[in-house]
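S.K.: File follows, start_4.cif with mmCIF, C-alpha atoms and all ligand atoms:
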```
data_protein
loop_
_atom_site.label_atom_id
_atom_site.label_comp_id
_atom_site.auth_asym_id
_atom_site.auth_seq_id
_atom_site.Cartn_x
_atom_site.Cartn_y
_atom_site.Cartn_z
CA MET A 1 -30.17 77.14 -88.98
CA ILE A 2 -27.75 79.53 -87.33
CA SER A 3 -24.23 79.35 -88.70
CA VAL A 4 -21.46 79.65 -86.13
CA GLY A 5 -17.73 80.29 -86.34
CA VAL A 6 -15.48 79.36 -83.42
CA ILE A 7 -12.34 81.46 -82.87
CA GLY A 8 -9.75 79.68 -80.73
CA ALA A 9 -9.29 75.90 -80.87
CA GLY A 10 -7.08 75.32 -77.84
CA TYR A 11 -8.44 73.61 -74.73
CA TRP A 12 -11.97 75.04 -74.60
CA GLY A 13 -12.85 76.06 -78.18
CA PRO A 14 -13.25 72.44 -79.43
CA LYS A 15 -15.85 71.78 -76.71
CA LEU A 16 -17.91 74.73 -77.98
CA ALA A 17 -17.39 73.55 -81.56
CA ARG A 18 -18.60 70.04 -80.64
CA ASN A 19 -21.78 71.40 -79.07
CA PHE A 20 -22.64 73.69 -81.98
CA ARG A 21 -22.06 70.76 -84.35
CA GLU A 22 -24.41 68.56 -82.37
CA LEU A 23 -27.25 71.05 -81.83
CA PRO A 24 -29.95 70.60 -84.49
CA ASP A 25 -30.48 74.32 -85.14
CA ALA A 26 -26.81 75.27 -85.56
CA ARG A 27 -24.18 74.67 -88.20
CA LEU A 28 -20.48 74.95 -87.45
CA THR A 29 -19.12 76.67 -90.55
CA TRP A 30 -15.75 78.12 -89.47
CA VAL A 31 -12.95 77.31 -87.05
CA CYS A 32 -10.11 79.79 -86.60
CA ASP A 33 -6.84 79.46 -84.69
CA LEU A 34 -3.35 80.91 -84.99
CA SER A 35 -1.92 77.39 -84.88
CA GLN A 36 -2.01 75.35 -88.10
CA GLN A 37 -1.55 72.23 -85.98
CA ARG A 38 -4.78 72.94 -84.07
CA LEU A 39 -6.58 73.67 -87.34
CA ASN A 40 -5.39 70.36 -88.81
CA HIS A 41 -6.77 68.60 -85.77
CA MET A 42 -10.10 70.45 -86.02
CA LYS A 43 -10.33 69.63 -89.73
CA SER A 44 -10.09 65.95 -88.83
CA VAL A 45 -12.84 66.30 -86.20
CA CYS A 46 -15.23 68.59 -88.10
CA PRO A 47 -14.42 68.32 -91.82
CA GLU A 48 -17.52 70.33 -92.80
CA ALA A 49 -16.11 73.54 -91.25
CA GLN A 50 -13.73 75.83 -93.11
CA THR A 51 -10.53 76.66 -91.26
CA THR A 52 -8.44 79.81 -91.17
CA MET A 53 -5.65 81.44 -89.20
CA ASP A 54 -7.19 84.89 -89.78
CA ALA A 55 -10.25 85.78 -87.66
CA GLU A 56 -11.05 88.61 -90.09
CA GLU A 57 -11.93 85.96 -92.67
CA VAL A 58 -14.64 84.65 -90.34
CA PHE A 59 -15.93 88.15 -89.55
CA THR A 60 -16.26 89.04 -93.25
CA SER A 61 -17.95 85.73 -94.08
CA ASP A 62 -21.73 85.27 -94.01
CA VAL A 63 -21.59 83.48 -90.64
CA ASP A 64 -24.42 84.55 -88.26
CA ALA A 65 -22.61 84.17 -84.95
CA VAL A 66 -19.09 84.04 -83.60
CA CYS A 67 -17.84 82.25 -80.53
CA ILE A 68 -14.57 83.54 -79.06
CA ALA A 69 -12.52 81.08 -76.99
CA THR A 70 -9.11 82.74 -77.09
CA PRO A 71 -6.92 84.12 -74.25
CA VAL A 72 -8.58 86.90 -72.22
CA ARG A 73 -6.27 89.65 -73.53
CA THR A 74 -7.70 89.07 -77.05
CA HIS A 75 -11.40 89.08 -76.10
CA PHE A 76 -11.89 92.83 -76.56
CA ARG A 77 -10.20 93.17 -79.94
CA LEU A 78 -11.82 90.07 -81.45
CA GLY A 79 -15.22 90.77 -79.83
CA MET A 80 -15.33 94.36 -81.11
CA ALA A 81 -14.31 93.29 -84.63
CA ALA A 82 -17.02 90.60 -84.68
CA LEU A 83 -19.72 92.98 -83.40
CA ARG A 84 -18.72 95.69 -85.87
CA ALA A 85 -19.05 93.10 -88.63
CA GLY A 86 -22.67 92.63 -87.46
CA LYS A 87 -22.25 89.19 -85.86
CA HIS A 88 -23.93 87.87 -82.73
CA VAL A 89 -21.08 87.24 -80.30
CA PHE A 90 -20.40 84.74 -77.55
CA ILE A 91 -17.20 85.49 -75.60
CA GLU A 92 -15.69 83.09 -73.12
CA LYS A 93 -15.31 84.19 -69.50
CA PRO A 94 -14.28 86.71 -68.38
CA LEU A 95 -15.92 89.06 -70.92
CA ALA A 96 -12.84 91.28 -71.09
CA ALA A 97 -9.64 92.21 -69.28
CA SER A 98 -11.00 95.50 -67.84
CA VAL A 99 -14.22 97.34 -67.06
CA GLU A 100 -13.44 99.86 -69.79
CA GLU A 101 -13.17 97.15 -72.42
CA ALA A 102 -16.29 95.36 -71.17
CA GLU A 103 -18.30 98.63 -71.26
CA GLN A 104 -17.27 99.24 -74.85
CA LEU A 105 -18.29 95.71 -75.87
CA VAL A 106 -21.71 96.09 -74.25
CA ALA A 107 -22.21 99.50 -75.90
CA GLU A 108 -21.19 98.16 -79.32
CA ALA A 109 -23.56 95.18 -79.04
CA GLU A 110 -26.40 97.59 -78.22
CA ARG A 111 -25.46 99.87 -81.12
CA GLN A 112 -25.42 96.93 -83.51
CA GLY A 113 -28.56 95.31 -82.05
CA ARG A 114 -26.70 92.02 -81.68
CA VAL A 115 -26.61 89.41 -78.91
CA LEU A 116 -23.54 89.60 -76.71
CA MET A 117 -23.24 86.70 -74.31
CA VAL A 118 -20.49 85.55 -71.94
CA GLY A 119 -19.45 81.96 -71.22
CA HIS A 120 -20.48 81.86 -67.57
CA THR A 121 -20.93 78.11 -67.93
CA PHE A 122 -21.94 77.40 -64.34
CA VAL A 123 -25.17 79.41 -64.51
CA TYR A 124 -26.27 76.80 -67.07
CA ASN A 125 -25.35 73.93 -64.74
CA PRO A 126 -28.56 72.21 -63.58
CA ALA A 127 -27.18 71.99 -60.02
CA VAL A 128 -26.64 75.76 -59.88
CA VAL A 129 -30.12 76.35 -61.32
CA ALA A 130 -31.49 74.04 -58.59
CA LEU A 131 -29.45 75.90 -55.97
CA ARG A 132 -31.00 79.18 -57.09
CA ASP A 133 -34.52 77.68 -57.01
CA ILE A 134 -33.93 76.39 -53.47
CA VAL A 135 -32.62 79.75 -52.26
CA ILE A 136 -35.50 81.67 -53.90
CA SER A 137 -38.10 79.25 -52.48
CA GLY A 138 -37.09 80.25 -48.93
CA HIS A 139 -36.56 76.59 -48.00
CA LEU A 140 -33.26 77.47 -46.28
CA GLY A 141 -34.77 80.51 -44.54
CA ASP A 142 -32.85 83.78 -44.63
CA ILE A 143 -29.46 83.23 -46.24
CA TYR A 144 -26.66 83.94 -43.76
CA TYR A 145 -23.56 83.13 -45.80
CA LEU A 146 -22.08 81.08 -48.65
CA ASP A 147 -18.67 79.47 -48.75
CA GLY A 148 -17.17 78.15 -51.98
CA THR A 149 -14.03 76.29 -53.00
CA ARG A 150 -12.74 75.92 -56.57
CA VAL A 151 -9.29 74.36 -56.53
CA ASN A 152 -7.20 71.87 -58.48
CA LEU A 153 -3.64 71.33 -59.64
CA GLY A 154 -3.44 73.75 -62.63
CA LEU A 155 -4.21 74.68 -65.30
CA PHE A 156 -1.69 77.51 -64.69
CA GLN A 157 -2.37 80.42 -67.05
CA PRO A 158 0.62 82.37 -68.41
CA ASP A 159 -1.06 85.77 -68.64
CA ILE A 160 -3.85 86.07 -66.05
CA ASN A 161 -3.92 85.21 -62.37
CA VAL A 162 -6.15 82.65 -60.68
CA LEU A 163 -8.66 85.33 -59.73
CA TRP A 164 -9.38 86.27 -63.36
CA ASP A 165 -9.25 82.63 -64.46
CA LEU A 166 -11.44 80.83 -61.90
CA ALA A 167 -13.35 83.46 -59.89
CA PRO A 168 -15.57 84.53 -62.84
CA HIS A 169 -17.31 81.18 -62.30
CA ASP A 170 -17.91 81.86 -58.61
CA ILE A 171 -18.88 85.51 -59.00
CA SER A 172 -21.38 84.59 -61.70
CA ILE A 173 -22.76 81.74 -59.56
CA LEU A 174 -23.15 83.99 -56.50
CA MET A 175 -24.80 86.77 -58.52
CA TYR A 176 -27.16 84.32 -60.21
CA VAL A 177 -28.12 82.45 -57.03
CA LEU A 178 -28.58 85.58 -54.90
CA GLY A 179 -29.90 87.78 -57.72
CA MET A 180 -27.57 90.62 -56.67
CA THR A 181 -24.15 92.09 -57.38
CA PRO A 182 -21.77 92.35 -54.41
CA VAL A 183 -21.19 95.88 -53.14
CA ALA A 184 -17.67 95.27 -51.82
CA THR A 185 -14.94 92.68 -52.01
CA SER A 186 -11.67 91.85 -50.32
CA ALA A 187 -9.02 89.50 -51.72
CA ARG A 188 -5.82 88.05 -50.33
CA GLY A 189 -3.56 85.76 -52.25
CA ALA A 190 -0.05 84.64 -53.02
CA VAL A 191 2.37 84.02 -55.86
CA TYR A 192 4.23 80.71 -55.64
CA VAL A 193 4.84 79.06 -58.99
CA GLN A 194 5.07 81.87 -61.56
CA ARG A 195 7.20 84.13 -59.34
CA GLN A 196 9.01 85.87 -62.17
CA LYS A 197 5.74 87.00 -63.69
CA GLY A 198 4.14 87.77 -60.32
CA ILE A 199 1.00 85.80 -61.21
CA HIS A 200 -1.11 84.87 -58.17
CA ASP A 201 -1.91 81.17 -58.03
CA ILE A 202 -4.11 81.21 -54.92
CA ALA A 203 -6.69 83.73 -53.71
CA TYR A 204 -9.16 83.98 -50.85
CA VAL A 205 -11.93 86.36 -51.83
CA SER A 206 -14.77 87.73 -49.69
CA PHE A 207 -17.89 89.49 -50.90
CA ARG A 208 -20.49 91.65 -49.17
CA PHE A 209 -23.92 91.70 -50.74
CA PRO A 210 -26.49 94.52 -50.31
CA ASN A 211 -28.70 92.61 -47.86
CA GLY A 212 -25.82 91.72 -45.53
CA VAL A 213 -25.22 88.25 -46.99
CA LEU A 214 -21.54 87.29 -46.84
CA ALA A 215 -19.79 85.02 -49.29
CA ASP A 216 -16.28 83.67 -49.29
CA ILE A 217 -14.48 81.74 -51.99
CA ARG A 218 -11.09 80.10 -52.33
CA VAL A 219 -9.65 79.70 -55.81
CA SER A 220 -6.36 77.92 -56.42
CA TRP A 221 -4.29 76.24 -59.13
CA LEU A 222 -2.10 74.74 -56.43
CA ASP A 223 -4.04 72.06 -54.62
CA PRO A 224 -3.69 68.27 -54.70
CA CYS A 225 -7.44 67.72 -55.08
CA LYS A 226 -10.07 68.90 -57.49
CA ILE A 227 -12.78 70.50 -55.35
CA ARG A 228 -15.79 72.48 -56.53
CA ARG A 229 -17.96 72.77 -53.50
CA TYR A 230 -20.34 75.28 -51.92
CA THR A 231 -21.89 75.43 -48.47
CA VAL A 232 -24.95 77.65 -48.09
CA VAL A 233 -26.11 78.39 -44.56
CA GLY A 234 -29.59 79.71 -43.92
CA SER A 235 -31.63 80.47 -40.82
CA LYS A 236 -33.74 77.30 -41.29
CA LYS A 237 -31.54 74.80 -43.14
CA MET A 238 -28.11 74.32 -44.62
CA LEU A 239 -27.03 72.97 -47.98
CA VAL A 240 -23.95 71.50 -49.59
CA TYR A 241 -23.51 71.58 -53.37
CA ASP A 242 -20.62 69.42 -54.53
CA ASP A 243 -20.15 69.72 -58.27
CA CYS A 244 -17.59 66.88 -58.33
CA ALA A 245 -19.92 64.40 -56.62
CA PRO A 246 -21.10 61.74 -59.09
CA VAL A 247 -24.47 61.53 -57.31
CA ASP A 248 -26.12 63.61 -54.57
CA LYS A 249 -24.68 66.86 -55.89
CA ILE A 250 -26.98 68.83 -53.60
CA VAL A 251 -27.74 67.72 -50.06
CA ILE A 252 -29.99 69.79 -47.78
CA TYR A 253 -29.34 69.43 -44.06
CA ASP A 254 -31.96 70.08 -41.43
CA LYS A 255 -29.29 71.50 -39.15
CA GLY A 256 -29.02 74.77 -37.30
CA ALA A 257 -28.75 76.43 -33.94
CA ASP A 258 -30.99 78.89 -32.10
CA ALA A 259 -30.17 81.02 -29.10
CA PRO A 260 -32.86 81.29 -26.37
CA PRO A 261 -34.98 84.47 -26.67
CA TYR A 262 -33.57 85.72 -23.34
CA SER A 263 -31.45 84.39 -20.48
CA ASP A 264 -30.64 86.08 -17.21
CA THR A 265 -28.09 83.54 -16.04
CA GLU A 266 -25.41 81.43 -17.66
CA LYS A 267 -27.40 78.34 -16.65
CA GLU A 268 -30.45 79.52 -18.57
CA PHE A 269 -28.39 80.05 -21.70
CA HIS A 270 -28.64 76.90 -23.77
CA LEU A 271 -28.44 76.89 -27.52
CA SER A 272 -30.91 74.56 -29.13
CA TYR A 273 -29.33 72.57 -31.94
CA ARG A 274 -31.13 70.89 -34.82
CA THR A 275 -29.12 67.94 -36.08
CA GLY A 276 -31.51 66.39 -38.59
CA ASP A 277 -30.67 64.28 -41.61
CA GLY A 278 -29.24 65.35 -44.91
CA ILE A 279 -31.61 64.81 -47.81
CA SER A 280 -30.44 64.64 -51.38
CA TYR A 281 -32.11 67.11 -53.76
CA PRO A 282 -32.61 65.62 -57.23
CA VAL A 283 -30.65 67.30 -60.01
CA PRO A 284 -31.35 66.19 -63.59
CA TRP A 285 -28.11 65.94 -65.57
CA VAL A 286 -27.45 67.68 -68.88
CA GLU A 287 -24.13 69.04 -70.09
CA PRO A 288 -24.07 72.71 -68.99
CA LEU A 289 -22.17 73.72 -72.12
CA ARG A 290 -24.89 72.22 -74.28
CA VAL A 291 -27.56 74.23 -72.42
CA GLU A 292 -25.41 77.34 -72.73
CA CYS A 293 -24.87 76.93 -76.49
CA GLN A 294 -28.59 76.28 -77.06
CA HIS A 295 -29.42 79.36 -74.97
CA PHE A 296 -27.14 81.48 -77.21
CA LEU A 297 -29.02 80.22 -80.28
CA ASP A 298 -32.39 80.85 -78.60
CA CYS A 299 -31.40 84.42 -77.69
CA ILE A 300 -30.37 85.08 -81.31
CA ARG A 301 -33.61 83.65 -82.67
CA ASP A 302 -36.02 85.14 -80.11
CA GLY A 303 -34.18 88.40 -79.41
CA THR A 304 -34.29 87.71 -75.67
CA GLU A 305 -31.75 88.90 -73.08
CA SER A 306 -29.28 86.18 -72.13
CA ARG A 307 -28.91 84.84 -68.60
CA SER A 308 -25.21 85.68 -69.00
CA SER A 309 -25.61 88.78 -71.15
CA GLY A 310 -22.86 91.27 -71.86
CA ARG A 311 -24.29 93.40 -69.02
CA VAL A 312 -23.90 90.54 -66.54
CA GLY A 313 -20.39 89.94 -67.91
CA LEU A 314 -19.60 93.61 -67.31
CA GLU A 315 -20.81 93.35 -63.68
CA VAL A 316 -18.56 90.32 -63.15
CA VAL A 317 -15.58 92.24 -64.56
CA ARG A 318 -16.39 95.16 -62.20
CA VAL A 319 -16.21 92.74 -59.26
CA LEU A 320 -12.97 91.21 -60.61
CA GLU A 321 -11.35 94.64 -60.95
CA ALA A 322 -12.30 95.56 -57.39
CA ALA A 323 -10.96 92.22 -56.12
CA GLN A 324 -7.74 92.72 -58.08
CA ARG A 325 -7.28 96.17 -56.44
CA SER A 326 -7.76 94.53 -53.06
CA LEU A 327 -5.35 91.69 -53.91
CA LEU A 328 -2.64 94.21 -54.71
CA ASN A 329 -3.47 96.29 -51.61
CA GLY A 330 -3.12 93.40 -49.17
CA GLY A 331 -6.81 92.57 -48.75
CA THR A 332 -8.44 96.00 -48.23
CA TRP A 333 -12.21 96.13 -48.68
CA GLU A 334 -12.84 97.68 -52.07
CA LYS A 335 -16.18 99.01 -53.29
CA VAL A 336 -17.51 97.47 -56.47
CA THR A 337 -17.98 100.56 -58.66
N1 LIG A 401 -16.32 78.27 -69.50
C1 LIG A 401 -15.38 77.48 -69.02
O1 LIG A 401 -15.62 76.63 -68.16
C2 LIG A 401 -13.99 77.62 -69.55
C3 LIG A 401 -13.03 76.62 -69.34
C4 LIG A 401 -11.75 76.80 -69.86
C5 LIG A 401 -11.43 77.96 -70.54
N2 LIG A 401 -12.38 78.92 -70.70
C6 LIG A 401 -12.07 80.19 -71.41
O2 LIG A 401 -11.82 79.91 -72.79
C7 LIG A 401 -10.86 80.84 -73.29
C8 LIG A 401 -9.70 80.05 -73.91
O3 LIG A 401 -9.10 79.26 -72.90
P1 LIG A 401 -8.28 77.94 -73.29
O4 LIG A 401 -7.99 77.26 -71.98
O5 LIG A 401 -8.95 77.20 -74.37
O6 LIG A 401 -6.92 78.59 -73.85
P2 LIG A 401 -5.86 77.89 -74.80
O7 LIG A 401 -4.61 78.69 -74.66
O8 LIG A 401 -5.81 76.42 -74.58
O9 LIG A 401 -6.46 78.12 -76.26
C9 LIG A 401 -6.56 79.38 -76.84
C10 LIG A 401 -6.43 79.22 -78.35
O10 LIG A 401 -6.68 80.49 -78.96
C11 LIG A 401 -5.78 80.63 -80.06
N3 LIG A 401 -5.66 82.06 -80.37
C12 LIG A 401 -5.03 83.02 -79.67
N4 LIG A 401 -5.17 84.21 -80.26
C13 LIG A 401 -5.91 83.99 -81.37
C14 LIG A 401 -6.37 84.84 -82.41
N5 LIG A 401 -6.11 86.15 -82.43
N6 LIG A 401 -7.10 84.30 -83.41
C15 LIG A 401 -7.36 82.97 -83.42
N7 LIG A 401 -6.93 82.11 -82.46
C16 LIG A 401 -6.22 82.63 -81.46
C17 LIG A 401 -4.49 79.99 -79.59
O11 LIG A 401 -3.68 79.61 -80.69
C18 LIG A 401 -5.00 78.79 -78.80
O12 LIG A 401 -5.09 77.62 -79.57
C19 LIG A 401 -10.46 81.72 -72.11
O13 LIG A 401 -11.23 82.88 -72.13
C20 LIG A 401 -10.83 80.89 -70.89
O14 LIG A 401 -11.11 81.67 -69.76
C21 LIG A 401 -13.64 78.76 -70.25
#
```
Just give me the structure as structure tokens.
Ligand SMILES: NC(=O)c1ccc[n+]([C@@H]2O[C@H](COP(=O)([O-])OP(=O)(O)OC[C@H]3O[C@@H](n4cnc5c(N)ncnc54)[C@H](O)[C@@H]3O)[C@@H](O)[C@H]2O)c1
M.R.:
Amino acid sequence: MISVGVIGAGYWGPKLARNFRELPDARLTWVCDLSQQRLNHMKSVCPEAQTTMDAEEVFTSDVDAVCIATPVRTHFRLGMAALRAGKHVFIEKPLAASVEEAEQLVAEAERQGRVLMVGHTFVYNPAVVALRDIVISGHLGDIYYLDGTRVNLGLFQPDINVLWDLAPHDISILMYVLGMTPVATSARGAVYVQRQKGIHDIAYVSFRFPNGVLADIRVSWLDPCKIRRYTVVGSKKMLVYDDCAPVDKIVIYDKGADAPPYSDTEKEFHLSYRTGDGISYPVPWVEPLRVECQHFLDCIRDGTESRSSGRVGLEVVRVLEAAQRSLLNGGTWEKVT
């Protein structure tokens, strides 16, 4: 049994708490929040857990692992305190608010010999795992480009922009599926709703990967529809992954176009199109958060490197920082360093 304390019981923390309660090899022993109202609610949902408004009380307890689901600006301070207290630590995405902070967290976890894992939930989504398998199998041929959309109305964040809120999901998906970190990124965006604070609510972000693969994503809190959709175009086939689709989340299309090997006249130049059917790729359903929480426990028990380790979290923050530079520079291409 691994005992777990959850810090932060706002929107997301209770979902983590529920999963750790339900997993057979974990015990939820602490819930911490600054709000007594949230703690009262959590006490009614999980009466077995102790509650506190002081995270230090959790860190000095005999809890094995700590899960941090608080605003991004607090991740570094709480994460460092938990690691220094010798706890295994799960921090929600993004790992930290800067590369410098993320580097220190990774170094501290290594010094302490503790698991540091980031809540990149989508890399535990069976559809994303299937997407990676399909790409690796070569079924689509050489990957040309990927195009992703993650938009909805809200949830507007008061202290981070849409890039830092939503793009960690897409960057972690792209890195997991392609097995690479982008080398450069360019971001354009706009501030509409939170003008006084200058917080961007939409962003269009492009990525260049080492092998020439291009990826583009759109992230927005200001859209009438909830869309979480990827198109992946390869030299042999194309694929659409729609995370909001109740069935047929992944459909592979036998579509493409080839130019003739040579043509001396306009008349000889005819593209040949393939317009075959779309075939649904089966995706078994399990709650990604459940898989993610179990993976955290497995990493603690077996001492294995997590799929979304602190190092991966640091890479994602490097990409976010480069994209943020670009966003503020009007869309310049920025190297991911
Ligand atoms: N993986 C996902 O899909 C996913 C989805 C939503 C949110 N998140 C992440 O979860 C984290 C929290 O987001 P949220 O939407 O739940 O925010 P939220 O504002 O709804 O909740 C945060 C909670 O943390 C508490 N808190 C703040 N500082 C604290 C401290 N020092 N000690 C104890 N409690 C403290 C607040 O009182 C609040 O209840 C963020 O990092 C966010 O990016 C991840």
S.K.: What residues of the protein or nucleic acid chains come within 6 Å of ligand LIG 401 (chain A) when you use only C-alpha atoms and all ligand atoms? Reply as a ChimeraX atom specification.
M.R.: /A:7-13,32-35,55,69-72,92-93,119-121,165
S.K.: Considering only C-alpha atoms, return as number ranges by chain whatever protein or nucleic-acid residues lie within 9 Å of Ala17 (chain A), sequence-local ones (same chain, fewer than 3 positions apart) excluded.
M.R.: A: 4-6, 9, 12-14, 20-22, 28, 31, 46, 67
S.K.: Write the residues you've just listed into a file as a short mmCIF file (atom, residue, chain, number, x, y, z; two decimals), in the frame of the given file, and include C-alpha atoms for each of them.
M.R.:
```cif
data_model
loop_
_atom_site.label_atom_id
_atom_site.label_comp_id
_atom_site.auth_asym_id
_atom_site.auth_seq_id
_atom_site.Cartn_x
_atom_site.Cartn_y
_atom_site.Cartn_z
CA VAL A 4 -21.46 79.65 -86.13
CA GLY A 5 -17.73 80.29 -86.34
CA VAL A 6 -15.48 79.36 -83.42
CA ALA A 9 -9.29 75.90 -80.87
CA TRP A 12 -11.97 75.04 -74.60
CA GLY A 13 -12.85 76.06 -78.18
CA PRO A 14 -13.25 72.44 -79.43
CA PHE A 20 -22.64 73.69 -81.98
CA ARG A 21 -22.06 70.76 -84.35
CA GLU A 22 -24.41 68.56 -82.37
CA LEU A 28 -20.48 74.95 -87.45
CA VAL A 31 -12.95 77.31 -87.05
CA CYS A 46 -15.23 68.59 -88.10
CA CYS A 67 -17.84 82.25 -80.53
#
```
S.K.: Considering all atoms listed in the file, can you say which of A:Met1, A:Gly141, A:Leu146, A:Val162 comes closest to Lys255 (chain A)?
M.R.: A:Gly141
S.K.: Residues of region 219-316 of chain A within 9 Å of region 176-197 of chain A: nearest atom pair and distance (Å, one decimal) for each, counting only C-alpha atoms, sorted by chain and number, as CSV?
M.R.:
```
residue,atom,partner,partner_atom,distance
A:Leu222,CA,A:Val193,CA,8.6
A:Arg307,CA,A:Tyr176,CA,8.6
A:Glu315,CA,A:Thr181,CA,7.2
A:Val316,CA,A:Thr181,CA,8.2
```
S.K.: Near Val205 (chain A), within 12 Å and counting only C-alpha atoms, which residues show up once chain neighbours fewer than 4 positions away are dropped, as a ChimeraX atom specification?
M.R.: /A:146-150,162-164,166-168,170-171,182,184-189,214-220,319-320,322-327,330-334
S.K.: Calculate how many Å separate CA of Phe90 (chain A) from CA of Ile227 (chain A), rounding to one decimal.
M.R.: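 If I compute the distance from CA of Phe90 (chain A) to CA of Ile227 (chain A), I get 27.5 Å.
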S.K.: Which residues are close to Tyr144 (chain A), i.e. within 8 Å by all atoms listed in the file, leaving aside same-chain residues fewer than 2 positions away? Reply as JSON, numbers by chain.
M.R.: {"A": [142, 146, 213, 214, 232, 233, 234, 235]}
S.K.: With only C-alpha atoms as the atoms that count, which of A:Ala96, A:Ala85, A:Cys225, A:Ile173 lies nearest to Val129 (chain A)?
M.R.: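 Selected residue with least distance to Val129 (chain A): A:Ile173.
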S.K.: Neighbourhood query: residues within 6 Å of (-32.3, 72.2, -45.9), file coordinates, counting all atoms listed in the file; return as a PyMOL selection string.
M.R.: chain A and resi 140+237-239+252-254
S.K.: Let me see the file: selected residues, C-alpha atoms, as an mmCIF file, keeping the file's coordinate frame.
M.R.:
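As a result, selection-v7.cif now contains:
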```
data_model
loop_
_atom_site.group_PDB
_atom_site.id
_atom_site.type_symbol
_atom_site.label_atom_id
_atom_site.label_comp_id
_atom_site.auth_asym_id
_atom_site.auth_seq_id
_atom_site.Cartn_x
_atom_site.Cartn_y
_atom_site.Cartn_z
ATOM 1 C CA LEU A 140 -33.260 77.470 -46.280
ATOM 2 C CA LYS A 237 -31.540 74.800 -43.140
ATOM 3 C CA MET A 238 -28.110 74.320 -44.620
ATOM 4 C CA LEU A 239 -27.030 72.970 -47.980
ATOM 5 C CA ILE A 252 -29.990 69.790 -47.780
ATOM 6 C CA TYR A 253 -29.340 69.430 -44.060
ATOM 7 C CA ASP A 254 -31.960 70.080 -41.430
#
```
